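Undergrad: My questions all concern the structure below.
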Amino acid sequence: MRHKKYLLFLGFIAIAVTLSACAGAATTATSWPGLTADDKYAYVAYNTQVYAVDLVNGTERWRYPAAPDNNVTFYAEPTLSQDGQLIVGSYDYNLYSLNADTGAQNWVFPDADNRFIASSLVAAENIFAPAADENLYSLDLNGRLQWTFSSEGESWAKPVTDENCECLYLSTMDHSVYAVDAQNGTQIWRSPKLGGAVVGSPAYGENGELYVGTFGGKLFALSSEDGSIMWEFSTADSGWIWSGPTISDGVLYFGDLSGYFYAIDATNGTELWQLPPEQLDGEIVGSPLVIDDSIYITTEAGILFKLDADGRILWSQTVGDGGKIYTPPREANDLILVAPIQVDELLVAFNQDGGRQWSFIPVE
């Protein structure tokens, strides 16, 4: 069995993870951008600033703050609210609300005791923001604290919810998933220990299952009623699963840090197909993007792939020379957006046939 060492950094937090083995290889990644989009702009949170980029031509609309402050850094994926706010967490322990159209600051929530690594979940009347201080904060849309839920581990993943219950599902570094009452922050259930940290958001199935991957090299299906384990799937080479899976038409798609990519039957955990590392050339950190019958994935080698529903590679595009991609791809206005690091471009837009449309390079 192979052993690999992965040294993955999120901003100024260094995460050293070791898989035991008879041979070793190491990869190092600095923190990667957080990326989201609406029908006008892509929003990129990276290092000392948040950028709004015009989807038509890739020009900068605004940046926040106007002048960089080395004490304020952003890596969490921004979240949009229905009333025009852009919610983004920082490594300075603050959660910021910006005007999505202008970049002006609306308010700041300063009460966390550690970094905001995860994206926030924004509902009609509340913001649910997990921090690395082991707390989940519920705020109203003006940034006022409503309640706090404390787990036993840091949360690096956006919570999810469903339409059938006023619950939040929160994955944590303590090897667990929690169900939390969205109205008052009380714990409804906690899953069994899953044998590894859960750093990706759960995927919610139409029949009430939750699907999470772990650093133990397993994908679990959990009951949303009580958190019990319904089935589990083990990755090849015990590859760690960083991001949560994407579910589409009853199939779960996800990659791992050994470079495998999988399609799994969501009903019973049966493998439908897999692509080995030799075909994809790099660790897979971000969740895939699924549009109709097409699957878009990015790899640590800086490549964007388009697959069909049977796992055939339709095309691939290398983004920059020597760049790496850890951020999941995003879709906006029929564009596929990718946010590489270690190259000049902060954001690159492709059409769905793989043609490069534009790239955004921040001007200092």
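Note on naming: chains are A, B, ... as they come in the structure tokens, residues start from 1 per chain, ligands start from 1 in the order shown.
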Pick out the residues sitting within 8 Å of Gly250 of chain A, and hand them over as a PyMOL selection string; count only C-alpha atoms, and ignore anything fewer than 4 positions along from it in its own chain.
TA: chain A and resi 205+265-267
Undergrad: Give me every strand (DSSP E) residue in segment 23-143 of chain A, going by DSSP on the backbone, as a VMD selection string.
TA: chain A and resid 26 to 29 34 to 37 41 to 46 49 to 54 60 to 64 79 to 80 85 to 89 95 to 99 105 to 109 121 to 122 126 to 130 135 to 140
Undergrad: Tell me which protein, DNA and RNA residues are within 12 Å of Arg356 of chain A, counting only C-alpha atoms, leaving out same-chain ones fewer than 2 positions away, and put them as a PyMOL selection string.
TA: chain A and resi 57-58+304+316-320+335-338+347-354+358-360
Undergrad: Between A:Ala236, A:Val88, A:Val199, A:Val177, which one has atoms that come closest to Phe116 of chain A, using only C-alpha atoms?
TA: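 Closest candidate: A:Val88.
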Undergrad: Smallest atom-to-atom distance to Val251 of chain A: which of A:Asp140, A:Gly217, A:Glu225, A:Glu206, using only C-alpha atoms?
TA: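 When distances to Val251 of chain A are compared using only C-alpha atoms, the smallest one comes from A:Glu206.
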Undergrad: Between A:Ser234, A:Ser287, A:Asn99, A:Thr298, which one has atoms that come closest to Gly269 of chain A, using only C-alpha atoms?
TA: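 Nearest candidate to Gly269 of chain A out of A:Ser234, A:Ser287, A:Asn99, A:Thr298: A:Ser234.
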Undergrad: With DSSP run on the backbone, what are the helix (DSSP H, G or I) residues within segment 145-279 of chain A? I'd like them as a PyMOL selection string.
TA: chain A and resi 236-238+277-279
Undergrad: Have a look at A:Pro110, A:Gly282, A:Gly153, A:Gly89 and name the one nearest to Asp174 of chain A; count only C-alpha atoms.
TA: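 So, comparing all the options, the nearest one is A:Gly153.
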Undergrad: Could you give me, as number ranges by chain, the residues within 12 Å of Asp38 of chain A, counting only C-alpha atoms and dropping anything in the same chain fewer than 3 positions from it?
TA: A: 35, 41-44, 52-55, 78-82, 84-86, 100-101, 330-335, 337
Undergrad: For those residues, write C-alpha atoms to a file as a PDB file, in the first residue's frame.
TA:
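File written: result_24.pdb
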```pdb
ATOM      1  CA  LEU A  35     -15.468  31.876  -5.239  1.00  0.00           C
ATOM      2  CA  TYR A  41     -20.520  39.320 -11.050  1.00  0.00           C
ATOM      3  CA  ALA A  42     -18.121  36.706  -9.812  1.00  0.00           C
ATOM      4  CA  TYR A  43     -16.950  37.350  -6.253  1.00  0.00           C
ATOM      5  CA  VAL A  44     -13.474  36.167  -5.305  1.00  0.00           C
ATOM      6  CA  ALA A  52     -16.209  41.658  -7.767  1.00  0.00           C
ATOM      7  CA  VAL A  53     -15.531  40.747 -11.410  1.00  0.00           C
ATOM      8  CA  ASP A  54     -17.876  41.501 -14.325  1.00  0.00           C
ATOM      9  CA  LEU A  55     -19.035  38.265 -15.939  1.00  0.00           C
ATOM     10  CA  PRO A  78     -18.549  34.532  -0.037  1.00  0.00           C
ATOM     11  CA  THR A  79     -22.319  34.050   0.233  1.00  0.00           C
ATOM     12  CA  LEU A  80     -25.043  36.210  -1.287  1.00  0.00           C
ATOM     13  CA  SER A  81     -28.247  37.150   0.500  1.00  0.00           C
ATOM     14  CA  GLN A  82     -31.620  37.937  -1.038  1.00  0.00           C
ATOM     15  CA  GLY A  84     -28.093  42.236  -1.757  1.00  0.00           C
ATOM     16  CA  GLN A  85     -25.502  41.495   0.894  1.00  0.00           C
ATOM     17  CA  LEU A  86     -22.263  39.627   0.285  1.00  0.00           C
ATOM     18  CA  ALA A 100     -22.761  43.155  -3.419  1.00  0.00           C
ATOM     19  CA  ASP A 101     -23.179  45.861  -6.056  1.00  0.00           C
ATOM     20  CA  ARG A 330     -18.540  27.505 -10.466  1.00  0.00           C
ATOM     21  CA  GLU A 331     -21.174  28.087 -13.156  1.00  0.00           C
ATOM     22  CA  ALA A 332     -22.517  31.559 -13.987  1.00  0.00           C
ATOM     23  CA  ASN A 333     -24.274  32.752 -17.162  1.00  0.00           C
ATOM     24  CA  ASP A 334     -23.208  29.571 -19.027  1.00  0.00           C
ATOM     25  CA  LEU A 335     -19.585  30.189 -18.048  1.00  0.00           C
ATOM     26  CA  LEU A 337     -15.304  29.806 -13.599  1.00  0.00           C
TER      27      LEU A 337
END
```
Undergrad: Which value, in Å to one decimal, gives the distance between atom CA of Lys218 of chain A and atom CA of Ser176 of chain A?
TA: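 If I compute the distance from atom CA of Lys218 of chain A to atom CA of Ser176 of chain A, I get 13.0 Å.
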Undergrad: With only C-alpha atoms as the counted atoms, please give the residues lying no more than 12 Å from Asp281 of chain A, apart from itself and same-chain residues fewer than 6 positions off, as a PyMOL selection string.
TA: chain A and resi 257-261+275+297-305+316+318+324
Undergrad: Find the spatial neighbours of Lys306 of chain A, counting only C-alpha atoms, within a cut-off of 8 Å - ignore same-chain residues fewer than 4 positions away - and output them as number ranges by chain.
TA: A: 294-297, 313-316
Undergrad: So that I have them on file, write out the residues from the current selection with N, CA and C atoms, as a PDB file, in the first residue's frame.
TA:
```
ATOM      1  N   SER A 294     -23.211  16.777 -17.670  1.00  0.00           N
ATOM      2  CA  SER A 294     -21.787  17.094 -17.730  1.00  0.00           C
ATOM      3  C   SER A 294     -21.233  17.329 -16.331  1.00  0.00           C
ATOM      4  N   ILE A 295     -19.999  16.894 -16.121  1.00  0.00           N
ATOM      5  CA  ILE A 295     -19.337  16.992 -14.828  1.00  0.00           C
ATOM      6  C   ILE A 295     -18.028  17.750 -15.030  1.00  0.00           C
ATOM      7  N   TYR A 296     -17.828  18.807 -14.253  1.00  0.00           N
ATOM      8  CA  TYR A 296     -16.611  19.602 -14.349  1.00  0.00           C
ATOM      9  C   TYR A 296     -15.832  19.434 -13.049  1.00  0.00           C
ATOM     10  N   ILE A 297     -14.558  19.074 -13.167  1.00  0.00           N
ATOM     11  CA  ILE A 297     -13.716  18.918 -11.987  1.00  0.00           C
ATOM     12  C   ILE A 297     -12.391  19.637 -12.212  1.00  0.00           C
ATOM     13  N   ILE A 313     -13.772  11.404 -20.455  1.00  0.00           N
ATOM     14  CA  ILE A 313     -13.225  12.757 -20.490  1.00  0.00           C
ATOM     15  C   ILE A 313     -13.541  13.362 -21.849  1.00  0.00           C
ATOM     16  N   LEU A 314     -14.304  14.465 -21.845  1.00  0.00           N
ATOM     17  CA  LEU A 314     -14.683  15.122 -23.092  1.00  0.00           C
ATOM     18  C   LEU A 314     -13.641  16.145 -23.524  1.00  0.00           C
ATOM     19  N   TRP A 315     -13.099  16.876 -22.570  1.00  0.00           N
ATOM     20  CA  TRP A 315     -11.996  17.782 -22.851  1.00  0.00           C
ATOM     21  C   TRP A 315     -11.318  18.172 -21.544  1.00  0.00           C
ATOM     22  N   SER A 316     -10.136  18.747 -21.668  1.00  0.00           N
ATOM     23  CA  SER A 316      -9.428  19.289 -20.502  1.00  0.00           C
ATOM     24  C   SER A 316      -8.707  20.556 -20.918  1.00  0.00           C
TER      25      SER A 316
END
```
Undergrad: Identify which of the residues A:Val180, A:Ala104, A:Ala131, A:Ala309 lies closest to Glu166 of chain A, counting only C-alpha atoms when measuring atom-to-atom distances.
TA: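 Of all the options, A:Val180 lies closest to Glu166 of chain A.
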Undergrad: Write out as a PyMOL selection string each polymer residue whose atoms come within 9 Å of Asp310 of chain A, counting only C-alpha atoms; drop sequence neighbours fewer than 6 positions from it.
TA: chain A and resi 263+272-273
Undergrad: A:Glu154, A:Glu125, A:Asp321, A:Asp181: which is nearest Val198 of chain A, counting only C-alpha atoms?
TA: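 Using only C-alpha atoms, the shortest distance to Val198 of chain A belongs to A:Glu154.
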